[in-house]
$ cat upload.cif   # mmCIF, C-alpha atoms
data_query
loop_
_atom_site.label_atom_id
_atom_site.label_comp_id
_atom_site.auth_asym_id
_atom_site.auth_seq_id
_atom_site.Cartn_x
_atom_site.Cartn_y
_atom_site.Cartn_z
CA MET A 871 16.43 13.81 -18.87
CA LEU A 872 13.96 11.21 -20.02
CA PHE A 873 14.58 7.69 -21.09
CA PRO A 874 17.25 5.34 -22.41
CA LEU A 875 18.10 4.40 -25.95
CA LEU A 876 15.16 2.57 -27.50
CA LEU A 877 15.78 2.91 -31.21
CA ALA A 878 18.71 3.32 -33.56
CA MET A 879 17.89 4.66 -37.00
CA PRO A 880 19.86 7.11 -39.12
CA ALA A 881 18.49 10.63 -39.35
CA MET A 882 17.16 11.73 -42.70
CA ALA A 883 19.21 14.55 -44.17
CA LEU A 884 17.52 17.85 -44.85
CA ALA A 885 16.76 18.31 -48.53
CA ALA A 886 17.46 22.05 -48.30
CA PRO A 887 19.34 24.52 -46.10
CA PRO A 888 17.62 25.58 -42.87
CA PRO A 889 14.80 28.10 -43.37
CA ALA A 890 15.87 31.70 -42.93
CA ALA A 891 13.80 31.99 -39.73
CA VAL A 892 16.05 29.39 -38.10
CA THR A 893 19.30 31.24 -38.76
CA THR A 894 18.57 34.89 -39.59
CA ASP A 895 16.97 37.78 -37.72
CA PRO A 896 14.16 39.47 -39.67
CA PRO A 897 14.07 43.22 -40.36
CA VAL A 898 12.95 45.29 -37.37
CA ASP A 899 9.35 46.46 -37.51
CA ARG A 900 9.51 49.75 -35.60
CA VAL A 901 5.74 50.26 -35.62
CA HIS A 902 4.75 46.74 -34.51
CA PRO A 903 7.93 45.11 -33.18
CA SER A 904 8.38 41.64 -31.76
CA ALA A 905 7.98 41.50 -28.00
CA MET A 906 7.90 39.22 -24.98
CA ALA A 907 5.14 39.44 -22.38
CA PRO A 908 5.04 37.51 -19.07
CA PHE A 909 1.73 36.93 -17.29
CA VAL A 910 -0.25 34.36 -15.30
CA ILE A 911 -3.06 32.15 -16.61
CA PRO A 912 -5.48 30.88 -13.93
CA SER A 913 -5.93 27.11 -13.92
CA GLU A 914 -8.17 25.21 -11.51
CA ASP A 915 -6.52 25.31 -8.05
CA GLY A 916 -3.38 27.07 -9.25
CA ALA A 917 -1.96 29.22 -12.04
CA LEU A 918 0.43 29.01 -14.97
CA ASN A 919 3.49 31.22 -15.18
CA ALA A 920 3.41 32.01 -18.89
CA VAL A 921 5.27 33.96 -21.56
CA MET A 922 4.05 35.08 -24.97
CA TYR A 923 6.66 35.56 -27.67
CA SER A 924 4.70 37.86 -29.97
CA ALA A 925 5.60 38.22 -33.63
CA ALA A 926 6.20 41.51 -35.40
CA GLY A 927 3.58 43.08 -37.61
CA ALA A 928 0.01 44.32 -37.19
CA ARG A 929 -1.71 41.51 -39.09
CA PRO A 930 -3.34 38.63 -37.19
CA HIS A 931 -0.69 36.01 -36.45
CA PRO A 932 -0.91 32.25 -36.37
CA THR A 933 -0.09 31.12 -32.84
CA LEU A 934 1.72 28.09 -31.44
CA LEU A 935 1.14 26.64 -27.98
CA LEU A 936 4.50 25.08 -26.99
CA LEU A 937 4.51 22.55 -24.13
CA HIS A 938 7.59 21.42 -22.22
CA GLY A 939 8.32 18.01 -20.80
CA PHE A 940 8.86 16.41 -17.40
CA PRO A 941 9.97 18.32 -15.43
CA GLY A 942 10.87 20.94 -18.08
CA ASN A 943 14.64 21.36 -17.88
CA GLU A 944 14.61 21.64 -21.69
CA GLN A 945 12.04 24.30 -22.53
CA ASN A 946 12.79 24.43 -26.28
CA LEU A 947 12.76 28.21 -26.31
CA ASP A 948 15.02 28.21 -29.35
CA LEU A 949 12.05 26.69 -31.17
CA ALA A 950 9.83 29.48 -29.85
CA GLN A 951 12.25 32.10 -31.17
CA ALA A 952 12.52 30.41 -34.58
CA ALA A 953 8.74 30.15 -34.88
CA ARG A 954 8.38 33.82 -33.95
CA ARG A 955 10.93 34.83 -36.60
CA ALA A 956 8.74 32.89 -39.03
CA GLY A 957 5.77 35.10 -38.10
CA TRP A 958 4.17 33.05 -35.31
CA ASN A 959 3.19 34.06 -31.81
CA VAL A 960 4.33 31.41 -29.33
CA LEU A 961 2.81 30.82 -25.90
CA THR A 962 4.81 28.76 -23.43
CA PHE A 963 4.16 28.16 -19.74
CA HIS A 964 5.01 26.05 -16.69
CA TYR A 965 2.39 23.55 -15.55
CA ARG A 966 0.80 23.92 -12.13
CA GLY A 967 3.22 22.90 -9.43
CA SER A 968 6.29 23.17 -11.66
CA TRP A 969 9.03 25.79 -11.64
CA GLY A 970 7.16 28.11 -9.29
CA SER A 971 3.71 27.96 -10.88
CA PRO A 972 1.22 27.72 -7.98
CA GLY A 973 -0.75 24.51 -7.50
CA ARG A 974 -0.17 20.76 -7.40
CA PHE A 975 1.72 19.02 -10.16
CA SER A 976 0.34 15.91 -11.81
CA PHE A 977 0.22 14.58 -15.35
CA ALA A 978 -3.57 14.91 -15.35
CA HIS A 979 -3.20 18.55 -14.30
CA CYS A 980 -0.76 19.12 -17.17
CA VAL A 981 -3.48 18.17 -19.67
CA GLN A 982 -5.97 20.45 -17.89
CA ASP A 983 -3.44 23.28 -17.85
CA ALA A 984 -2.77 22.99 -21.58
CA ALA A 985 -6.51 23.09 -22.25
CA HIS A 986 -6.77 26.26 -20.14
CA ALA A 987 -3.87 27.82 -22.08
CA LEU A 988 -5.55 26.94 -25.37
CA ALA A 989 -8.79 28.53 -24.21
CA TYR A 990 -6.83 31.59 -23.07
CA LEU A 991 -5.53 32.11 -26.61
CA ARG A 992 -9.11 32.42 -27.86
CA GLN A 993 -10.31 34.99 -25.33
CA PRO A 994 -11.30 38.16 -27.24
CA GLN A 995 -9.07 40.45 -25.16
CA VAL A 996 -6.09 38.12 -25.66
CA VAL A 997 -6.75 37.85 -29.40
CA ALA A 998 -6.77 41.66 -29.61
CA ARG A 999 -3.72 42.16 -27.38
CA PHE A 1000 -1.45 39.80 -29.31
CA ASP A 1001 -2.99 40.03 -32.80
CA ILE A 1002 -3.89 36.34 -32.76
CA ASP A 1003 -5.60 34.62 -35.66
CA PRO A 1004 -7.79 32.18 -33.69
CA SER A 1005 -8.41 30.10 -36.81
CA ARG A 1006 -4.70 29.21 -36.94
CA ILE A 1007 -3.64 27.83 -33.55
CA ALA A 1008 -1.31 24.84 -33.54
CA VAL A 1009 0.09 22.83 -30.64
CA ALA A 1010 3.60 21.43 -30.16
CA GLY A 1011 5.04 19.46 -27.27
CA HIS A 1012 8.21 17.68 -26.19
CA SER A 1013 8.24 14.40 -24.23
CA LEU A 1014 5.48 14.73 -21.59
CA GLY A 1015 4.46 17.83 -23.53
CA GLY A 1016 4.05 15.56 -26.55
CA ILE A 1017 1.29 13.44 -25.04
CA VAL A 1018 -0.23 16.59 -23.50
CA ALA A 1019 -0.25 18.31 -26.91
CA ALA A 1020 -1.75 15.22 -28.51
CA ARG A 1021 -4.52 15.02 -25.92
CA VAL A 1022 -5.55 18.69 -26.05
CA ALA A 1023 -5.50 18.70 -29.85
CA ALA A 1024 -7.54 15.49 -29.94
CA ALA A 1025 -10.14 17.14 -27.70
CA ASP A 1026 -10.26 20.34 -29.77
CA PRO A 1027 -10.86 19.95 -33.52
CA ARG A 1028 -10.19 23.67 -34.00
CA VAL A 1029 -6.46 23.07 -33.45
CA VAL A 1030 -5.05 23.15 -36.98
CA GLY A 1031 -2.15 20.75 -36.40
CA THR A 1032 0.05 19.01 -33.86
CA PHE A 1033 3.87 18.78 -33.77
CA LEU A 1034 5.18 16.12 -31.36
CA ILE A 1035 8.84 16.03 -30.35
CA ASP A 1036 10.02 12.63 -29.04
CA PRO A 1037 6.64 12.29 -27.32
CA ALA A 1038 6.16 10.09 -24.27
CA ASP A 1039 3.51 7.38 -24.11
CA PHE A 1040 2.93 7.05 -20.37
CA ALA A 1041 0.29 4.37 -20.84
CA ALA A 1042 2.90 2.21 -22.58
CA ILE A 1043 5.45 2.97 -19.87
CA GLY A 1044 2.93 2.02 -17.20
CA ARG A 1045 2.20 -1.28 -18.94
CA SER A 1046 5.92 -2.04 -18.91
CA PHE A 1047 5.86 -1.97 -15.09
CA VAL A 1048 4.72 -5.60 -15.08
CA ASP A 1049 8.49 -6.09 -15.18
CA PRO A 1050 9.69 -4.94 -11.73
CA GLU A 1051 13.13 -4.10 -13.12
CA LYS A 1052 11.64 -1.68 -15.65
CA ARG A 1053 9.54 -0.07 -12.95
CA GLU A 1054 12.56 0.40 -10.72
CA ALA A 1055 14.64 1.73 -13.62
CA PHE A 1056 11.98 4.32 -14.45
CA LEU A 1057 11.76 5.41 -10.82
CA VAL A 1058 15.52 5.72 -10.36
CA ASP A 1059 16.54 7.01 -13.77
CA GLU A 1060 13.60 9.22 -14.71
CA VAL A 1061 11.48 10.25 -11.74
CA ARG A 1062 13.81 10.65 -8.80
CA GLY A 1063 16.07 13.25 -10.36
CA ASP A 1064 13.18 15.29 -11.76
CA MET A 1065 11.35 16.00 -8.50
CA PRO A 1066 13.14 19.16 -7.22
CA PRO A 1067 11.26 21.72 -9.43
CA LEU A 1068 7.87 20.09 -8.73
CA ALA A 1069 5.44 20.90 -5.91
CA GLY A 1070 2.42 19.14 -4.43
CA THR A 1071 3.47 15.70 -5.57
CA SER A 1072 5.89 12.90 -4.70
CA GLU A 1073 7.74 10.01 -6.27
CA ALA A 1074 4.97 7.67 -5.12
CA ARG A 1075 2.23 9.81 -6.68
CA ILE A 1076 4.05 10.11 -9.99
CA MET A 1077 4.72 6.38 -10.12
CA ASP A 1078 1.10 5.59 -9.26
CA GLU A 1079 -0.14 7.91 -12.00
CA VAL A 1080 2.10 6.25 -14.58
CA THR A 1081 1.25 2.74 -13.35
CA HIS A 1082 -2.46 3.41 -13.82
CA ALA A 1083 -2.20 5.62 -16.91
CA GLY A 1084 -5.11 4.97 -19.22
CA PRO A 1085 -6.44 6.53 -22.43
CA ALA A 1086 -5.74 10.06 -21.16
CA LEU A 1087 -1.99 9.37 -21.35
CA ASP A 1088 -2.00 6.85 -24.22
CA LEU A 1089 -0.18 8.30 -27.22
CA VAL A 1090 -1.01 5.51 -29.66
CA ALA A 1091 -4.70 5.51 -28.75
CA THR A 1092 -4.84 9.26 -29.37
CA MET A 1093 -3.64 9.07 -32.97
CA PRO A 1094 -7.00 8.41 -34.69
CA ALA A 1095 -8.33 11.72 -33.35
CA LEU A 1096 -5.37 13.55 -34.91
CA SER A 1097 -5.12 11.70 -38.20
CA GLY A 1098 -7.40 14.06 -40.12
CA ARG A 1099 -5.18 17.10 -39.53
CA PRO A 1100 -1.49 17.88 -40.14
CA LEU A 1101 0.58 15.85 -37.69
CA ALA A 1102 4.35 15.63 -37.16
CA LEU A 1103 6.12 13.00 -35.06
CA ILE A 1104 9.85 13.67 -34.66
CA GLY A 1105 11.63 11.00 -32.62
CA ALA A 1106 15.16 10.67 -31.29
CA THR A 1107 17.33 7.56 -31.59
CA ARG A 1108 18.92 8.04 -28.16
CA GLY A 1109 15.61 9.03 -26.61
CA ILE A 1110 12.21 7.41 -26.95
CA GLY A 1111 11.91 7.40 -30.72
CA ALA A 1112 10.24 3.99 -30.60
CA MET A 1113 7.19 5.64 -29.06
CA ALA A 1114 6.99 8.21 -31.86
CA GLU A 1115 7.33 5.40 -34.39
CA ALA A 1116 4.53 3.41 -32.77
CA ALA A 1117 2.34 6.51 -32.84
CA ALA A 1118 3.17 7.10 -36.50
CA ARG A 1119 2.14 3.53 -37.35
CA ALA A 1120 -1.15 4.08 -35.52
CA ALA A 1121 -1.72 7.37 -37.37
CA ARG A 1122 -1.12 5.70 -40.72
CA LYS A 1123 -3.48 2.87 -39.78
CA ALA A 1124 -6.09 5.50 -38.94
CA GLY A 1125 -5.72 6.96 -42.43
CA ALA A 1126 -3.48 9.97 -41.79
CA LYS A 1127 -2.94 11.83 -45.04
CA ASN A 1128 -0.74 14.70 -43.79
CA LEU A 1129 1.81 12.97 -41.57
CA ASP A 1130 5.48 13.93 -41.17
CA ALA A 1131 7.29 11.19 -39.27
CA GLU A 1132 11.04 11.03 -38.81
CA THR A 1133 13.62 9.87 -36.29
CA LEU A 1134 16.73 12.00 -35.86
CA GLU A 1135 20.03 10.59 -34.65
CA THR A 1136 20.25 12.47 -31.36
CA ASP A 1137 19.29 12.28 -27.69
CA HIS A 1138 15.95 13.01 -26.04
CA SER A 1139 16.82 16.72 -25.74
CA PHE A 1140 17.96 16.91 -29.38
CA SER A 1141 21.24 18.22 -27.99
CA ASP A 1142 23.13 17.91 -31.26
CA ALA A 1143 20.18 18.47 -33.59
CA ARG A 1144 18.67 21.79 -32.53
CA ILE A 1145 19.00 23.41 -35.97
CA ALA A 1146 17.54 20.29 -37.58
CA LEU A 1147 14.62 20.28 -35.15
CA ALA A 1148 13.93 24.00 -35.57
CA SER A 1149 14.11 23.59 -39.34
CA ARG A 1150 11.52 20.86 -39.28
CA LEU A 1151 9.20 22.87 -37.05
CA VAL A 1152 9.43 26.06 -39.11
CA THR A 1153 8.97 24.13 -42.36
CA TRP A 1154 5.96 22.31 -40.92
CA LEU A 1155 4.41 25.56 -39.68
CA GLY A 1156 4.77 27.02 -43.16
CA GLN A 1157 1.76 25.07 -44.42
CA PHE A 1158 -0.50 27.23 -42.26
CA GLN A 1159 0.83 30.57 -43.50
CA HIS A 1160 -1.49 32.74 -45.61
#

$ encode --input "upload.cif" --output "structure tokens"
Amino acid sequence: MLFPLLLAMPAMALAAPPPAAVTTDPPVDRVHPSAMAPFVIPSEDGALNAVMYSAAGARPHPTLLLLHGFPGNEQNLDLAQAARRAGWNVLTFHYRGSWGSPGRFSFAHCVQDAAHALAYLRQPQVVARFDIDPSRIAVAGHSLGGIVAARVAAADPRVVGTFLIDPADFAAIGRSFVDPEKREAFLVDEVRGDMPPLAGTSEARIMDEVTHAGPALDLVATMPALSGRPLALIGATRGIGAMAEAAARAARKAGAKNLDAETLETDHSFSDARIALASRLVTWLGQFQH
């Protein structure tokens, strides 16, 4: 999984027990039960293997677009389940060229794919099928999914808020390649082992894309476009929490008024902080409930 230890800060303790949606199944709605629906979303030269976790109830539901990282070994589906128990639909998918989704994988394609998924959620037939409230669509992403979520939300002011989980700043990583040792370490430790589930790409292509990453993959530069809406940046001490912290500083500088920024004492996959992470997500989503 991604990245070495970059930051060591103690996690902030939760002020309250985990929300019920994190730990407790809701009553069964026999008329409009929760469900899971797999389908394919077309995207440019490929398609996205997708799943909707639909919430119970007939009322229009707020909906979360949940984006996985590179290559997506940790899909954070426990977060999807917790959000659904809290009354949210959750759409998750595999980017083109990853995990069997047709097409060619690239970081640029990931951003395009997320934009296509966001547009899909607003299609009238999709809104009707899943009882979506199109005025309450939020985006969350982990690692690579973090910068992807930030970019699609920055480009779409209708997204109500953005929740970033140890997000990756590939522009910053690319700038670090002026040091050949850091470039080699990224290739060996991060890229090489993540290639098997990816199609239509190569180590060389991935490294070239990171080396030349510009504003489209610059987490810090994206913060001003997000600072006027609810924004959460949850970093990991044994992950890349320094990148989340840098983004939080940029958001504050841009005048963010509704910013939740915290670094948990865990690894990049939040292996020993899943309840804590789900609690923060569900609590953060609560501000959009009617």

$ resolve_selection --input "upload.cif" --expression "the PyMOL selection byres ((chain A and resi 1015) around 8)" --output "ChimeraX atom specification"
/A:937-940,1010-1014,1016-1019,1037-1038

$ closest_residue --input "upload.cif" --among "A:Ser924, A:Ser1139, A:Asn1128, A:Thr1081" --to "Glu944 (chain A)" --atoms "only C-alpha atoms"
A:Ser1139

$ atom_distance --input "upload.cif" --atom1 "CA of Asp1064 (chain A)" --atom2 "CA of Ala1118 (chain A)"
27.9 Å

$ axis_aligned_box --input "upload.cif" --around "region 1080-1092 of chain A" --padding-each-side "5 Å" --output "AutoDock Vina command-line options"
--center_x -2.2 --center_y 6.4 --center_z -21.5 --size_x 18.5 --size_y 17.3 --size_z 26.3

$ residues_around --input "upload.cif" --residues "region 953-964 of chain A" --least-positions-apart "3" --cutoff "8 Å" --atoms "all atoms listed in the file" --output "PyMOL selection string"
chain A and resi 891-892+895-896+918-926+931-938+942+949-950+968-971+1000+1002+1151-1152+1155

$ resolve_selection --input "upload.cif" --expression "the PyMOL selection byres ((chain A and resi 1004) around 12)" --output "CSV table (one decimal) with C-alpha atoms, in the coordinates of the input"
chain,number,residue,atom,x,y,z
A,930,PRO,CA,-3.3,38.6,-37.2
A,931,HIS,CA,-0.7,36.0,-36.4
A,932,PRO,CA,-0.9,32.2,-36.4
A,933,THR,CA,-0.1,31.1,-32.8
A,934,LEU,CA,1.7,28.1,-31.4
A,935,LEU,CA,1.1,26.6,-28.0
A,959,ASN,CA,3.2,34.1,-31.8
A,988,LEU,CA,-5.6,26.9,-25.4
A,989,ALA,CA,-8.8,28.5,-24.2
A,990,TYR,CA,-6.8,31.6,-23.1
A,991,LEU,CA,-5.5,32.1,-26.6
A,992,ARG,CA,-9.1,32.4,-27.9
A,993,GLN,CA,-10.3,35.0,-25.3
A,994,PRO,CA,-11.3,38.2,-27.2
A,995,GLN,CA,-9.1,40.4,-25.2
A,996,VAL,CA,-6.1,38.1,-25.7
A,997,VAL,CA,-6.8,37.8,-29.4
A,998,ALA,CA,-6.8,41.7,-29.6
A,1000,PHE,CA,-1.4,39.8,-29.3
A,1001,ASP,CA,-3.0,40.0,-32.8
A,1002,ILE,CA,-3.9,36.3,-32.8
A,1003,ASP,CA,-5.6,34.6,-35.7
A,1005,SER,CA,-8.4,30.1,-36.8
A,1006,ARG,CA,-4.7,29.2,-36.9
A,1007,ILE,CA,-3.6,27.8,-33.6
A,1008,ALA,CA,-1.3,24.8,-33.5
A,1028,ARG,CA,-10.2,23.7,-34.0
A,1029,VAL,CA,-6.5,23.1,-33.4
A,1030,VAL,CA,-5.0,23.2,-37.0

$ resolve_selection --input "upload.cif" --expression "the PyMOL selection byres ((chain A and resi 979) around 10)" --output "MDAnalysis selection string"
chainID A and resid 913:916 965:967 973:978 980:985 1018

$ closest_residue --input "upload.cif" --among "A:Ala1086, A:Ala952, A:Leu1134, A:Ile911" --to "Ala987 (chain A)" --atoms "all atoms listed in the file"
A:Ile911

$ atom_distance --input "upload.cif" --atom1 "CA of Pro1067 (chain A)" --atom2 "CA of Pro972 (chain A)"
11.8 Å

$ residues_around --input "upload.cif" --residues "Ala1083 (chain A)" --least-positions-apart "6" --cutoff "7 Å" --atoms "all atoms listed in the file" --output "JSON, numbers by chain"
{"A": [1040, 1041, 1044]}

$ decode --input "upload.cif" --residues "region 928-940 of chain A" --atoms "all heavy atoms" --output "PDB file, in the first residue's frame"
ATOM      1  N   ALA A 928     -38.276   5.274   1.203  1.00  0.00           N
ATOM      2  CA  ALA A 928     -38.759   5.774  -0.075  1.00  0.00           C
ATOM      3  C   ALA A 928     -38.395   7.233  -0.322  1.00  0.00           C
ATOM      4  O   ALA A 928     -38.507   7.707  -1.439  1.00  0.00           O
ATOM      5  CB  ALA A 928     -40.277   5.616  -0.139  1.00  0.00           C
ATOM      6  N   ARG A 929     -37.960   7.941   0.702  1.00  0.00           N
ATOM      7  CA  ARG A 929     -37.644   9.359   0.526  1.00  0.00           C
ATOM      8  C   ARG A 929     -36.377   9.518  -0.321  1.00  0.00           C
ATOM      9  O   ARG A 929     -35.553   8.613  -0.390  1.00  0.00           O
ATOM     10  CB  ARG A 929     -37.431  10.002   1.900  1.00  0.00           C
ATOM     11  CG  ARG A 929     -36.216   9.472   2.636  1.00  0.00           C
ATOM     12  CD  ARG A 929     -36.169   9.922   4.087  1.00  0.00           C
ATOM     13  NE  ARG A 929     -34.992   9.404   4.769  1.00  0.00           N
ATOM     14  CZ  ARG A 929     -34.871   8.159   5.228  1.00  0.00           C
ATOM     15  NH1 ARG A 929     -35.864   7.290   5.056  1.00  0.00           N
ATOM     16  NH2 ARG A 929     -33.776   7.774   5.852  1.00  0.00           N
ATOM     17  N   PRO A 930     -36.194  10.685  -0.942  1.00  0.00           N
ATOM     18  CA  PRO A 930     -34.937  10.920  -1.663  1.00  0.00           C
ATOM     19  C   PRO A 930     -33.744  10.900  -0.701  1.00  0.00           C
ATOM     20  O   PRO A 930     -33.797  11.489   0.384  1.00  0.00           O
ATOM     21  CB  PRO A 930     -35.137  12.319  -2.254  1.00  0.00           C
ATOM     22  CG  PRO A 930     -36.613  12.486  -2.344  1.00  0.00           C
ATOM     23  CD  PRO A 930     -37.160  11.771  -1.142  1.00  0.00           C
ATOM     24  N   HIS A 931     -32.701  10.202  -1.094  1.00  0.00           N
ATOM     25  CA  HIS A 931     -31.542  10.009  -0.220  1.00  0.00           C
ATOM     26  C   HIS A 931     -30.363  10.862  -0.655  1.00  0.00           C
ATOM     27  O   HIS A 931     -30.078  10.981  -1.859  1.00  0.00           O
ATOM     28  CB  HIS A 931     -31.096   8.543  -0.253  1.00  0.00           C
ATOM     29  CG  HIS A 931     -32.116   7.584   0.264  1.00  0.00           C
ATOM     30  ND1 HIS A 931     -32.468   7.519   1.590  1.00  0.00           N
ATOM     31  CD2 HIS A 931     -32.874   6.653  -0.369  1.00  0.00           C
ATOM     32  CE1 HIS A 931     -33.388   6.589   1.754  1.00  0.00           C
ATOM     33  NE2 HIS A 931     -33.651   6.048   0.576  1.00  0.00           N
ATOM     34  N   PRO A 932     -29.638  11.426   0.311  1.00  0.00           N
ATOM     35  CA  PRO A 932     -28.336  11.987  -0.030  1.00  0.00           C
ATOM     36  C   PRO A 932     -27.450  10.846  -0.531  1.00  0.00           C
ATOM     37  O   PRO A 932     -27.638   9.690  -0.150  1.00  0.00           O
ATOM     38  CB  PRO A 932     -27.841  12.568   1.292  1.00  0.00           C
ATOM     39  CG  PRO A 932     -28.549  11.776   2.346  1.00  0.00           C
ATOM     40  CD  PRO A 932     -29.890  11.432   1.758  1.00  0.00           C
ATOM     41  N   THR A 933     -26.494  11.173  -1.374  1.00  0.00           N
ATOM     42  CA  THR A 933     -25.708  10.126  -2.029  1.00  0.00           C
ATOM     43  C   THR A 933     -24.237  10.486  -1.999  1.00  0.00           C
ATOM     44  O   THR A 933     -23.859  11.640  -2.250  1.00  0.00           O
ATOM     45  CB  THR A 933     -26.190   9.928  -3.474  1.00  0.00           C
ATOM     46  OG1 THR A 933     -27.580   9.540  -3.429  1.00  0.00           O
ATOM     47  CG2 THR A 933     -25.392   8.856  -4.192  1.00  0.00           C
ATOM     48  N   LEU A 934     -23.412   9.479  -1.690  1.00  0.00           N
ATOM     49  CA  LEU A 934     -21.967   9.649  -1.591  1.00  0.00           C
ATOM     50  C   LEU A 934     -21.285   8.903  -2.724  1.00  0.00           C
ATOM     51  O   LEU A 934     -21.545   7.721  -2.945  1.00  0.00           O
ATOM     52  CB  LEU A 934     -21.473   9.103  -0.244  1.00  0.00           C
ATOM     53  CG  LEU A 934     -19.969   9.172   0.019  1.00  0.00           C
ATOM     54  CD1 LEU A 934     -19.519  10.623   0.177  1.00  0.00           C
ATOM     55  CD2 LEU A 934     -19.598   8.361   1.266  1.00  0.00           C
ATOM     56  N   LEU A 935     -20.406   9.584  -3.443  1.00  0.00           N
ATOM     57  CA  LEU A 935     -19.532   8.951  -4.418  1.00  0.00           C
ATOM     58  C   LEU A 935     -18.222   8.642  -3.708  1.00  0.00           C
ATOM     59  O   LEU A 935     -17.530   9.547  -3.240  1.00  0.00           O
ATOM     60  CB  LEU A 935     -19.293   9.884  -5.609  1.00  0.00           C
ATOM     61  CG  LEU A 935     -18.307   9.399  -6.674  1.00  0.00           C
ATOM     62  CD1 LEU A 935     -18.774   8.093  -7.309  1.00  0.00           C
ATOM     63  CD2 LEU A 935     -18.092  10.480  -7.732  1.00  0.00           C
ATOM     64  N   LEU A 936     -17.885   7.345  -3.592  1.00  0.00           N
ATOM     65  CA  LEU A 936     -16.733   6.891  -2.820  1.00  0.00           C
ATOM     66  C   LEU A 936     -15.667   6.345  -3.769  1.00  0.00           C
ATOM     67  O   LEU A 936     -15.915   5.386  -4.506  1.00  0.00           O
ATOM     68  CB  LEU A 936     -17.169   5.812  -1.821  1.00  0.00           C
ATOM     69  CG  LEU A 936     -16.091   5.189  -0.948  1.00  0.00           C
ATOM     70  CD1 LEU A 936     -15.428   6.243  -0.050  1.00  0.00           C
ATOM     71  CD2 LEU A 936     -16.689   4.065  -0.090  1.00  0.00           C
ATOM     72  N   LEU A 937     -14.469   6.933  -3.741  1.00  0.00           N
ATOM     73  CA  LEU A 937     -13.415   6.637  -4.702  1.00  0.00           C
ATOM     74  C   LEU A 937     -12.234   5.936  -4.028  1.00  0.00           C
ATOM     75  O   LEU A 937     -11.700   6.425  -3.023  1.00  0.00           O
ATOM     76  CB  LEU A 937     -12.933   7.940  -5.346  1.00  0.00           C
ATOM     77  CG  LEU A 937     -14.042   8.777  -5.997  1.00  0.00           C
ATOM     78  CD1 LEU A 937     -13.510  10.151  -6.375  1.00  0.00           C
ATOM     79  CD2 LEU A 937     -14.618   8.064  -7.209  1.00  0.00           C
ATOM     80  N   HIS A 938     -11.815   4.807  -4.610  1.00  0.00           N
ATOM     81  CA  HIS A 938     -10.703   4.066  -4.013  1.00  0.00           C
ATOM     82  C   HIS A 938      -9.366   4.577  -4.534  1.00  0.00           C
ATOM     83  O   HIS A 938      -9.281   5.419  -5.429  1.00  0.00           O
ATOM     84  CB  HIS A 938     -10.870   2.559  -4.221  1.00  0.00           C
ATOM     85  CG  HIS A 938     -10.699   2.065  -5.630  1.00  0.00           C
ATOM     86  ND1 HIS A 938      -9.511   2.134  -6.323  1.00  0.00           N
ATOM     87  CD2 HIS A 938     -11.578   1.443  -6.471  1.00  0.00           C
ATOM     88  CE1 HIS A 938      -9.646   1.575  -7.516  1.00  0.00           C
ATOM     89  NE2 HIS A 938     -10.901   1.168  -7.637  1.00  0.00           N
ATOM     90  N   GLY A 939      -8.305   4.041  -3.951  1.00  0.00           N
ATOM     91  CA  GLY A 939      -6.969   4.523  -4.254  1.00  0.00           C
ATOM     92  C   GLY A 939      -6.266   3.729  -5.339  1.00  0.00           C
ATOM     93  O   GLY A 939      -6.884   3.079  -6.179  1.00  0.00           O
ATOM     94  N   PHE A 940      -4.936   3.782  -5.301  1.00  0.00           N
ATOM     95  CA  PHE A 940      -4.075   3.145  -6.295  1.00  0.00           C
ATOM     96  C   PHE A 940      -3.399   1.937  -5.665  1.00  0.00           C
ATOM     97  O   PHE A 940      -2.641   2.098  -4.716  1.00  0.00           O
ATOM     98  CB  PHE A 940      -3.025   4.162  -6.762  1.00  0.00           C
ATOM     99  CG  PHE A 940      -1.968   3.590  -7.676  1.00  0.00           C
ATOM    100  CD1 PHE A 940      -2.270   3.266  -8.982  1.00  0.00           C
ATOM    101  CD2 PHE A 940      -0.675   3.382  -7.213  1.00  0.00           C
ATOM    102  CE1 PHE A 940      -1.288   2.747  -9.825  1.00  0.00           C
ATOM    103  CE2 PHE A 940       0.311   2.864  -8.048  1.00  0.00           C
ATOM    104  CZ  PHE A 940      -0.009   2.548  -9.363  1.00  0.00           C
TER     105      PHE A 940
END
